[in-house]
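**Q** Below is the file start.cif, which contains mmCIF, N, CA and C atoms; chains and numbers go by the auth columns.
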data_run
#
loop_
_atom_site.group_PDB
_atom_site.id
_atom_site.type_symbol
_atom_site.label_atom_id
_atom_site.label_comp_id
_atom_site.label_asym_id
_atom_site.label_seq_id
_atom_site.Cartn_x
_atom_site.Cartn_y
_atom_site.Cartn_z
_atom_site.B_iso_or_equiv
_atom_site.auth_seq_id
_atom_site.auth_asym_id
ATOM 1 N N MET A 1 75.706 75.152 -3.105 0.00 746 A
ATOM 2 C CA MET A 1 74.557 74.316 -2.881 0.00 746 A
ATOM 3 C C MET A 1 74.952 72.960 -2.297 0.00 746 A
ATOM 4 N N THR A 2 76.074 72.446 -2.666 0.00 747 A
ATOM 5 C CA THR A 2 76.479 71.149 -2.131 0.00 747 A
ATOM 6 C C THR A 2 76.753 71.232 -0.645 0.00 747 A
ATOM 7 N N GLU A 3 77.239 72.370 -0.181 0.00 748 A
ATOM 8 C CA GLU A 3 77.487 72.520 1.245 0.00 748 A
ATOM 9 C C GLU A 3 76.175 72.519 2.023 0.00 748 A
ATOM 10 N N GLU A 4 75.134 73.122 1.490 0.00 749 A
ATOM 11 C CA GLU A 4 73.846 73.155 2.158 0.00 749 A
ATOM 12 C C GLU A 4 73.257 71.752 2.251 0.00 749 A
ATOM 13 N N LYS A 5 73.416 70.954 1.217 0.00 750 A
ATOM 14 C CA LYS A 5 72.895 69.588 1.242 0.00 750 A
ATOM 15 C C LYS A 5 73.620 68.753 2.289 0.00 750 A
ATOM 16 N N LYS A 6 74.910 68.953 2.459 0.00 751 A
ATOM 17 C CA LYS A 6 75.659 68.219 3.473 0.00 751 A
ATOM 18 C C LYS A 6 75.160 68.571 4.861 0.00 751 A
ATOM 19 N N ASP A 7 74.855 69.842 5.099 0.00 752 A
ATOM 20 C CA ASP A 7 74.351 70.259 6.397 0.00 752 A
ATOM 21 C C ASP A 7 72.987 69.629 6.678 0.00 752 A
ATOM 22 N N VAL A 8 72.166 69.513 5.669 0.00 753 A
ATOM 23 C CA VAL A 8 70.855 68.916 5.850 0.00 753 A
ATOM 24 C C VAL A 8 70.990 67.444 6.214 0.00 753 A
ATOM 25 N N LYS A 9 71.901 66.750 5.606 0.00 754 A
ATOM 26 C CA LYS A 9 72.094 65.335 5.925 0.00 754 A
ATOM 27 C C LYS A 9 72.554 65.163 7.370 0.00 754 A
ATOM 28 N N LYS A 10 73.436 66.015 7.846 0.00 755 A
ATOM 29 C CA LYS A 10 73.905 65.924 9.221 0.00 755 A
ATOM 30 C C LYS A 10 72.757 66.206 10.186 0.00 755 A
ATOM 31 N N CYS A 11 71.910 67.120 9.845 0.00 756 A
ATOM 32 C CA CYS A 11 70.804 67.498 10.706 0.00 756 A
ATOM 33 C C CYS A 11 69.759 66.379 10.796 0.00 756 A
ATOM 34 N N SER A 12 69.550 65.644 9.729 0.00 757 A
ATOM 35 C CA SER A 12 68.546 64.581 9.762 0.00 757 A
ATOM 36 C C SER A 12 68.962 63.466 10.713 0.00 757 A
ATOM 37 N N GLY A 13 70.249 63.196 10.821 0.00 758 A
ATOM 38 C CA GLY A 13 70.709 62.201 11.782 0.00 758 A
ATOM 39 C C GLY A 13 70.451 62.644 13.211 0.00 758 A
ATOM 40 N N LYS A 14 70.629 63.929 13.464 0.00 759 A
ATOM 41 C CA LYS A 14 70.362 64.455 14.792 0.00 759 A
ATOM 42 C C LYS A 14 68.875 64.399 15.113 0.00 759 A
ATOM 43 N N LYS A 15 68.030 64.577 14.109 0.00 760 A
ATOM 44 C CA LYS A 15 66.594 64.502 14.335 0.00 760 A
ATOM 45 C C LYS A 15 66.196 63.100 14.790 0.00 760 A
ATOM 46 N N ASN A 16 66.781 62.096 14.157 0.00 761 A
ATOM 47 C CA ASN A 16 66.468 60.715 14.545 0.00 761 A
ATOM 48 C C ASN A 16 66.922 60.428 15.963 0.00 761 A
ATOM 49 N N ILE A 17 68.082 60.939 16.308 0.00 762 A
ATOM 50 C CA ILE A 17 68.597 60.722 17.662 0.00 762 A
ATOM 51 C C ILE A 17 67.713 61.425 18.683 0.00 762 A
ATOM 52 N N MET A 18 67.305 62.654 18.374 0.00 763 A
ATOM 53 C CA MET A 18 66.442 63.388 19.298 0.00 763 A
ATOM 54 C C MET A 18 65.071 62.728 19.406 0.00 763 A
ATOM 55 N N PHE A 19 64.563 62.183 18.318 0.00 764 A
ATOM 56 C CA PHE A 19 63.291 61.461 18.366 0.00 764 A
ATOM 57 C C PHE A 19 63.419 60.230 19.265 0.00 764 A
ATOM 58 N N ALA A 20 64.507 59.497 19.110 0.00 765 A
ATOM 59 C CA ALA A 20 64.718 58.315 19.948 0.00 765 A
ATOM 60 C C ALA A 20 64.852 58.712 21.414 0.00 765 A
ATOM 61 N N TYR A 21 65.564 59.794 21.685 0.00 766 A
ATOM 62 C CA TYR A 21 65.716 60.270 23.061 0.00 766 A
ATOM 63 C C TYR A 21 64.359 60.632 23.656 0.00 766 A
ATOM 64 N N GLY A 22 63.540 61.354 22.909 0.00 767 A
ATOM 65 C CA GLY A 22 62.219 61.729 23.384 0.00 767 A
ATOM 66 C C GLY A 22 61.339 60.526 23.639 0.00 767 A
ATOM 67 N N PHE A 23 61.418 59.545 22.763 0.00 768 A
ATOM 68 C CA PHE A 23 60.628 58.321 22.929 0.00 768 A
ATOM 69 C C PHE A 23 61.065 57.565 24.181 0.00 768 A
ATOM 70 N N ILE A 24 62.366 57.472 24.398 0.00 769 A
ATOM 71 C CA ILE A 24 62.885 56.788 25.590 0.00 769 A
ATOM 72 C C ILE A 24 62.486 57.549 26.849 0.00 769 A
ATOM 73 N N GLN A 25 62.568 58.870 26.801 0.00 770 A
ATOM 74 C CA GLN A 25 62.180 59.690 27.949 0.00 770 A
ATOM 75 C C GLN A 25 60.703 59.505 28.277 0.00 770 A
ATOM 76 N N LEU A 26 59.866 59.476 27.268 0.00 771 A
ATOM 77 C CA LEU A 26 58.436 59.265 27.473 0.00 771 A
ATOM 78 C C LEU A 26 58.176 57.882 28.060 0.00 771 A
ATOM 79 N N GLY A 27 58.878 56.880 27.548 0.00 772 A
ATOM 80 C CA GLY A 27 58.709 55.523 28.067 0.00 772 A
ATOM 81 C C GLY A 27 59.128 55.406 29.517 0.00 772 A
ATOM 82 N N SER A 28 60.212 56.062 29.894 0.00 773 A
ATOM 83 C CA SER A 28 60.652 55.986 31.287 0.00 773 A
ATOM 84 C C SER A 28 59.691 56.729 32.204 0.00 773 A
ATOM 85 N N SER A 29 59.105 57.815 31.739 0.00 774 A
ATOM 86 C CA SER A 29 58.100 58.522 32.542 0.00 774 A
ATOM 87 C C SER A 29 56.871 57.653 32.740 0.00 774 A
ATOM 88 N N PHE A 30 56.472 56.951 31.713 0.00 775 A
ATOM 89 C CA PHE A 30 55.332 56.045 31.810 0.00 775 A
ATOM 90 C C PHE A 30 55.623 54.913 32.800 0.00 775 A
ATOM 91 N N ALA A 31 56.826 54.360 32.742 0.00 776 A
ATOM 92 C CA ALA A 31 57.200 53.288 33.663 0.00 776 A
ATOM 93 C C ALA A 31 57.205 53.799 35.105 0.00 776 A
ATOM 94 N N SER A 32 57.656 55.017 35.323 0.00 777 A
ATOM 95 C CA SER A 32 57.643 55.602 36.663 0.00 777 A
ATOM 96 C C SER A 32 56.217 55.775 37.171 0.00 777 A
ATOM 97 N N ALA A 33 55.331 56.197 36.308 0.00 778 A
ATOM 98 C CA ALA A 33 53.935 56.374 36.701 0.00 778 A
ATOM 99 C C ALA A 33 53.306 55.040 37.087 0.00 778 A
ATOM 100 N N ILE A 34 53.599 54.006 36.323 0.00 779 A
ATOM 101 C CA ILE A 34 53.070 52.674 36.646 0.00 779 A
ATOM 102 C C ILE A 34 53.615 52.198 37.991 0.00 779 A
ATOM 103 N N ALA A 35 54.893 52.445 38.252 0.00 780 A
ATOM 104 C CA ALA A 35 55.489 52.038 39.522 0.00 780 A
ATOM 105 C C ALA A 35 54.837 52.769 40.694 0.00 780 A
ATOM 106 N N LEU A 36 54.559 54.054 40.527 0.00 781 A
ATOM 107 C CA LEU A 36 53.904 54.809 41.599 0.00 781 A
ATOM 108 C C LEU A 36 52.495 54.305 41.874 0.00 781 A
ATOM 109 N N VAL A 37 51.783 53.919 40.837 0.00 782 A
ATOM 110 C CA VAL A 37 50.441 53.357 41.025 0.00 782 A
ATOM 111 C C VAL A 37 50.530 52.035 41.780 0.00 782 A
ATOM 112 N N ALA A 38 51.517 51.217 41.444 0.00 783 A
ATOM 113 C CA ALA A 38 51.687 49.939 42.134 0.00 783 A
ATOM 114 C C ALA A 38 52.006 50.157 43.612 0.00 783 A
ATOM 115 N N ILE A 39 52.839 51.137 43.912 0.00 784 A
ATOM 116 C CA ILE A 39 53.173 51.447 45.306 0.00 784 A
ATOM 117 C C ILE A 39 51.933 51.933 46.051 0.00 784 A
ATOM 118 N N ALA A 40 51.131 52.762 45.406 0.00 785 A
ATOM 119 C CA ALA A 40 49.915 53.277 46.045 0.00 785 A
ATOM 120 C C ALA A 40 48.959 52.143 46.390 0.00 785 A
ATOM 121 N N PHE A 41 48.779 51.193 45.485 0.00 786 A
ATOM 122 C CA PHE A 41 47.902 50.060 45.787 0.00 786 A
ATOM 123 C C PHE A 41 48.484 49.200 46.902 0.00 786 A
ATOM 124 N N GLY A 42 49.798 49.085 46.954 0.00 787 A
ATOM 125 C CA GLY A 42 50.441 48.337 48.036 0.00 787 A
ATOM 126 C C GLY A 42 50.191 48.983 49.381 0.00 787 A
ATOM 127 N N LEU A 43 50.230 50.307 49.433 0.00 788 A
ATOM 128 C CA LEU A 43 49.984 51.008 50.688 0.00 788 A
ATOM 129 C C LEU A 43 48.534 50.884 51.113 0.00 788 A
ATOM 130 N N CYS A 44 47.628 50.818 50.177 0.00 789 A
ATOM 131 C CA CYS A 44 46.211 50.644 50.519 0.00 789 A
ATOM 132 C C CYS A 44 45.985 49.295 51.185 0.00 789 A
ATOM 133 N N SER A 45 46.637 48.263 50.697 0.00 790 A
ATOM 134 C CA SER A 45 46.456 46.948 51.306 0.00 790 A
ATOM 135 C C SER A 45 47.089 46.889 52.691 0.00 790 A
ATOM 136 N N VAL A 46 48.204 47.606 52.900 0.00 791 A
ATOM 137 C CA VAL A 46 48.822 47.658 54.226 0.00 791 A
ATOM 138 C C VAL A 46 47.890 48.352 55.204 0.00 791 A
ATOM 139 N N LYS A 47 47.233 49.402 54.746 0.00 792 A
ATOM 140 C CA LYS A 47 46.294 50.128 55.600 0.00 792 A
ATOM 141 C C LYS A 47 45.135 49.221 56.009 0.00 792 A
ATOM 142 N N GLN A 48 44.625 48.444 55.066 0.00 793 A
ATOM 143 C CA GLN A 48 43.516 47.539 55.369 0.00 793 A
ATOM 144 C C GLN A 48 43.964 46.450 56.348 0.00 793 A
ATOM 145 N N GLU A 49 45.153 45.917 56.143 0.00 794 A
ATOM 146 C CA GLU A 49 45.667 44.885 57.038 0.00 794 A
ATOM 147 C C GLU A 49 45.866 45.435 58.446 0.00 794 A
ATOM 148 N N SER A 50 46.316 46.675 58.526 0.00 795 A
ATOM 149 C CA SER A 50 46.511 47.322 59.823 0.00 795 A
ATOM 150 C C SER A 50 45.187 47.469 60.568 0.00 795 A
ATOM 151 N N LYS A 51 44.135 47.851 59.846 0.00 796 A
ATOM 152 C CA LYS A 51 42.818 47.982 60.473 0.00 796 A
ATOM 153 C C LYS A 51 42.343 46.638 61.024 0.00 796 A
ATOM 154 N N LEU A 52 42.537 45.578 60.245 0.00 797 A
ATOM 155 C CA LEU A 52 42.119 44.252 60.701 0.00 797 A
ATOM 156 C C LEU A 52 42.905 43.805 61.929 0.00 797 A
ATOM 157 N N PHE A 53 44.208 44.108 61.937 0.00 798 A
ATOM 158 C CA PHE A 53 45.046 43.740 63.085 0.00 798 A
ATOM 159 C C PHE A 53 44.580 44.492 64.334 0.00 798 A
ATOM 160 N N ASN A 54 44.343 45.793 64.196 0.00 799 A
ATOM 161 C CA ASN A 54 43.892 46.578 65.348 0.00 799 A
ATOM 162 C C ASN A 54 42.549 46.090 65.864 0.00 799 A
ATOM 163 N N LYS A 55 41.667 45.686 64.961 0.00 800 A
ATOM 164 C CA LYS A 55 40.363 45.157 65.371 0.00 800 A
ATOM 165 C C LYS A 55 40.540 43.844 66.132 0.00 800 A
ATOM 166 N N CYS A 56 41.443 43.011 65.655 0.00 801 A
ATOM 167 C CA CYS A 56 41.720 41.740 66.324 0.00 801 A
ATOM 168 C C CYS A 56 42.247 41.977 67.736 0.00 801 A
ATOM 169 N N VAL A 57 43.188 42.893 67.864 0.00 802 A
ATOM 170 C CA VAL A 57 43.762 43.191 69.180 0.00 802 A
ATOM 171 C C VAL A 57 42.690 43.729 70.116 0.00 802 A
ATOM 172 N N ALA A 58 41.842 44.613 69.627 0.00 803 A
ATOM 173 C CA ALA A 58 40.790 45.178 70.462 0.00 803 A
ATOM 174 C C ALA A 58 39.820 44.091 70.940 0.00 803 A
ATOM 175 N N GLU A 59 39.490 43.156 70.076 0.00 804 A
ATOM 176 C CA GLU A 59 38.578 42.074 70.469 0.00 804 A
ATOM 177 C C GLU A 59 39.197 41.181 71.536 0.00 804 A
ATOM 178 N N ILE A 60 40.468 40.867 71.391 0.00 805 A
ATOM 179 C CA ILE A 60 41.130 39.996 72.371 0.00 805 A
ATOM 180 C C ILE A 60 41.267 40.708 73.708 0.00 805 A
ATOM 181 N N ILE A 61 41.550 42.009 73.696 0.00 806 A
ATOM 182 C CA ILE A 61 41.646 42.776 74.942 0.00 806 A
ATOM 183 C C ILE A 61 40.281 42.839 75.624 0.00 806 A
ATOM 184 N N ASP A 62 39.222 42.967 74.831 0.00 807 A
ATOM 185 C CA ASP A 62 37.869 42.981 75.407 0.00 807 A
ATOM 186 C C ASP A 62 37.528 41.655 76.082 0.00 807 A
ATOM 187 N N ASP A 63 38.150 40.566 75.624 0.00 808 A
ATOM 188 C CA ASP A 63 37.907 39.262 76.246 0.00 808 A
ATOM 189 C C ASP A 63 38.679 39.100 77.546 0.00 808 A
ATOM 190 N N GLY A 64 39.513 40.080 77.910 0.00 809 A
ATOM 191 C CA GLY A 64 40.199 40.036 79.208 0.00 809 A
ATOM 192 C C GLY A 64 41.680 39.732 79.134 0.00 809 A
ATOM 193 N N ALA A 65 42.258 39.635 77.961 0.00 810 A
ATOM 194 C CA ALA A 65 43.692 39.358 77.851 0.00 810 A
ATOM 195 C C ALA A 65 44.475 40.665 77.951 0.00 810 A
ATOM 196 N N THR A 66 45.765 40.537 78.253 0.00 811 A
ATOM 197 C CA THR A 66 46.620 41.728 78.303 0.00 811 A
ATOM 198 C C THR A 66 46.968 42.159 76.882 0.00 811 A
ATOM 199 N N ASN A 67 47.536 43.353 76.769 0.00 812 A
ATOM 200 C CA ASN A 67 47.938 43.867 75.461 0.00 812 A
ATOM 201 C C ASN A 67 48.963 42.950 74.798 0.00 812 A
ATOM 202 N N ALA A 68 49.939 42.509 75.570 0.00 813 A
ATOM 203 C CA ALA A 68 50.995 41.658 75.013 0.00 813 A
ATOM 204 C C ALA A 68 50.418 40.341 74.499 0.00 813 A
ATOM 205 N N LYS A 69 49.514 39.738 75.272 0.00 814 A
ATOM 206 C CA LYS A 69 48.914 38.476 74.842 0.00 814 A
ATOM 207 C C LYS A 69 48.040 38.675 73.606 0.00 814 A
ATOM 208 N N ALA A 70 47.350 39.797 73.533 0.00 815 A
ATOM 209 C CA ALA A 70 46.488 40.069 72.385 0.00 815 A
ATOM 210 C C ALA A 70 47.310 40.257 71.119 0.00 815 A
ATOM 211 N N VAL A 71 48.407 40.986 71.225 0.00 816 A
ATOM 212 C CA VAL A 71 49.267 41.199 70.067 0.00 816 A
ATOM 213 C C VAL A 71 49.896 39.891 69.632 0.00 816 A
ATOM 214 N N ARG A 72 50.354 39.087 70.590 0.00 817 A
ATOM 215 C CA ARG A 72 50.964 37.803 70.246 0.00 817 A
ATOM 216 C C ARG A 72 49.944 36.897 69.552 0.00 817 A
ATOM 217 N N TYR A 73 48.720 36.881 70.038 0.00 818 A
ATOM 218 C CA TYR A 73 47.679 36.045 69.435 0.00 818 A
ATOM 219 C C TYR A 73 47.374 36.506 68.012 0.00 818 A
ATOM 220 N N CYS A 74 47.249 37.824 67.800 0.00 819 A
ATOM 221 C CA CYS A 74 46.901 38.337 66.478 0.00 819 A
ATOM 222 C C CYS A 74 48.046 38.192 65.496 0.00 819 A
ATOM 223 N N ASN A 75 49.265 38.087 65.982 0.00 820 A
ATOM 224 C CA ASN A 75 50.418 37.844 65.093 0.00 820 A
ATOM 225 C C ASN A 75 50.536 36.376 64.703 0.00 820 A
ATOM 226 N N GLY A 76 49.708 35.522 65.271 0.00 821 A
ATOM 227 C CA GLY A 76 49.738 34.118 64.894 0.00 821 A
ATOM 228 C C GLY A 76 50.239 33.218 66.001 0.00 821 A
ATOM 229 N N GLY A 77 50.557 33.778 67.143 0.00 822 A
ATOM 230 C CA GLY A 77 50.997 32.968 68.269 0.00 822 A
ATOM 231 C C GLY A 77 49.829 32.354 68.988 0.00 822 A
ATOM 232 N N ASN A 78 50.123 31.497 69.955 0.00 823 A
ATOM 233 C CA ASN A 78 49.041 30.819 70.687 0.00 823 A
ATOM 234 C C ASN A 78 48.617 31.618 71.888 0.00 823 A
#
Show me, as structure tokens, the structure contained in the file I just sent.

**A**
Amino acid sequence: MTEEKKDVKKCSGKKNIMFAYGFIQLGSSFASAIALVAIAFGLCSVKQESKLFNKCVAEIIDDGATNAKAVRYCNGGN
């Protein structure tokens, strides 16, 4: 019986380690999910900025400027 009790004590330490491992694994998965959401929102803002830039270039070209001048103006040049 004493041998069985020793085995149980060794096993309980492994349970704690496995619980900690699972908790850390879950936390890292959660952090990855949050990072992916942040990247997705970043790409949405880039898409919106791109649309505004293209609209600006189209308006300047309609006013009679060349493509190069329109792009330079929309990038902040004179």

**Q** What gap, in Å, lies between atom N of Glu794 in chain A and atom C of Asn820 in chain A?

**A**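 Rounded to one decimal, the two atoms are 13.9 Å apart.
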
**Q** Enter the distance from atom N of Asn799 in chain A to atom N of Ala815 in chain A, in Å, rounded to one decimal.

**A**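 It comes out at 11.5 Å.
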
**Q** Could you please determine the separation between atom C of Tyr818 in chain A and atom C of Ala803 in chain A in Å, to one decimal place?

**A** 11.1 Å

**Q** Can you sort out the box for range 782-799 of chain A, edges along x, y and z, all listed atoms in, 5 Å on every side, with centre and edge lengths in Å to one decimal, as lines of an AutoDock Vina configuration file?

**A**
center_x = 47.6
center_y = 48.8
center_z = 53.4
size_x = 21.1
size_y = 20.2
size_z = 35.0

**Q** Do a neighbour search on Phe798 in chain A at 8 Å with all atoms listed in the file, toss out local chain neighbours closer than 6 positions, and write the hits as a PDB file with N, CA and C atoms, keeping the file's coordinate frame.

**A**
ATOM      1  N   LYS A 792      47.233  49.402  54.746  1.00  0.00           N
ATOM      2  CA  LYS A 792      46.294  50.128  55.600  1.00  0.00           C
ATOM      3  C   LYS A 792      45.135  49.221  56.009  1.00  0.00           C
ATOM      4  N   GLU A 804      39.490  43.156  70.076  1.00  0.00           N
ATOM      5  CA  GLU A 804      38.578  42.074  70.469  1.00  0.00           C
ATOM      6  C   GLU A 804      39.197  41.181  71.536  1.00  0.00           C
ATOM      7  N   CYS A 819      47.249  37.824  67.800  1.00  0.00           N
ATOM      8  CA  CYS A 819      46.901  38.337  66.478  1.00  0.00           C
ATOM      9  C   CYS A 819      48.046  38.192  65.496  1.00  0.00           C
ATOM     10  N   ASN A 820      49.265  38.087  65.982  1.00  0.00           N
ATOM     11  CA  ASN A 820      50.418  37.844  65.093  1.00  0.00           C
ATOM     12  C   ASN A 820      50.536  36.376  64.703  1.00  0.00           C
TER      13      ASN A 820
END
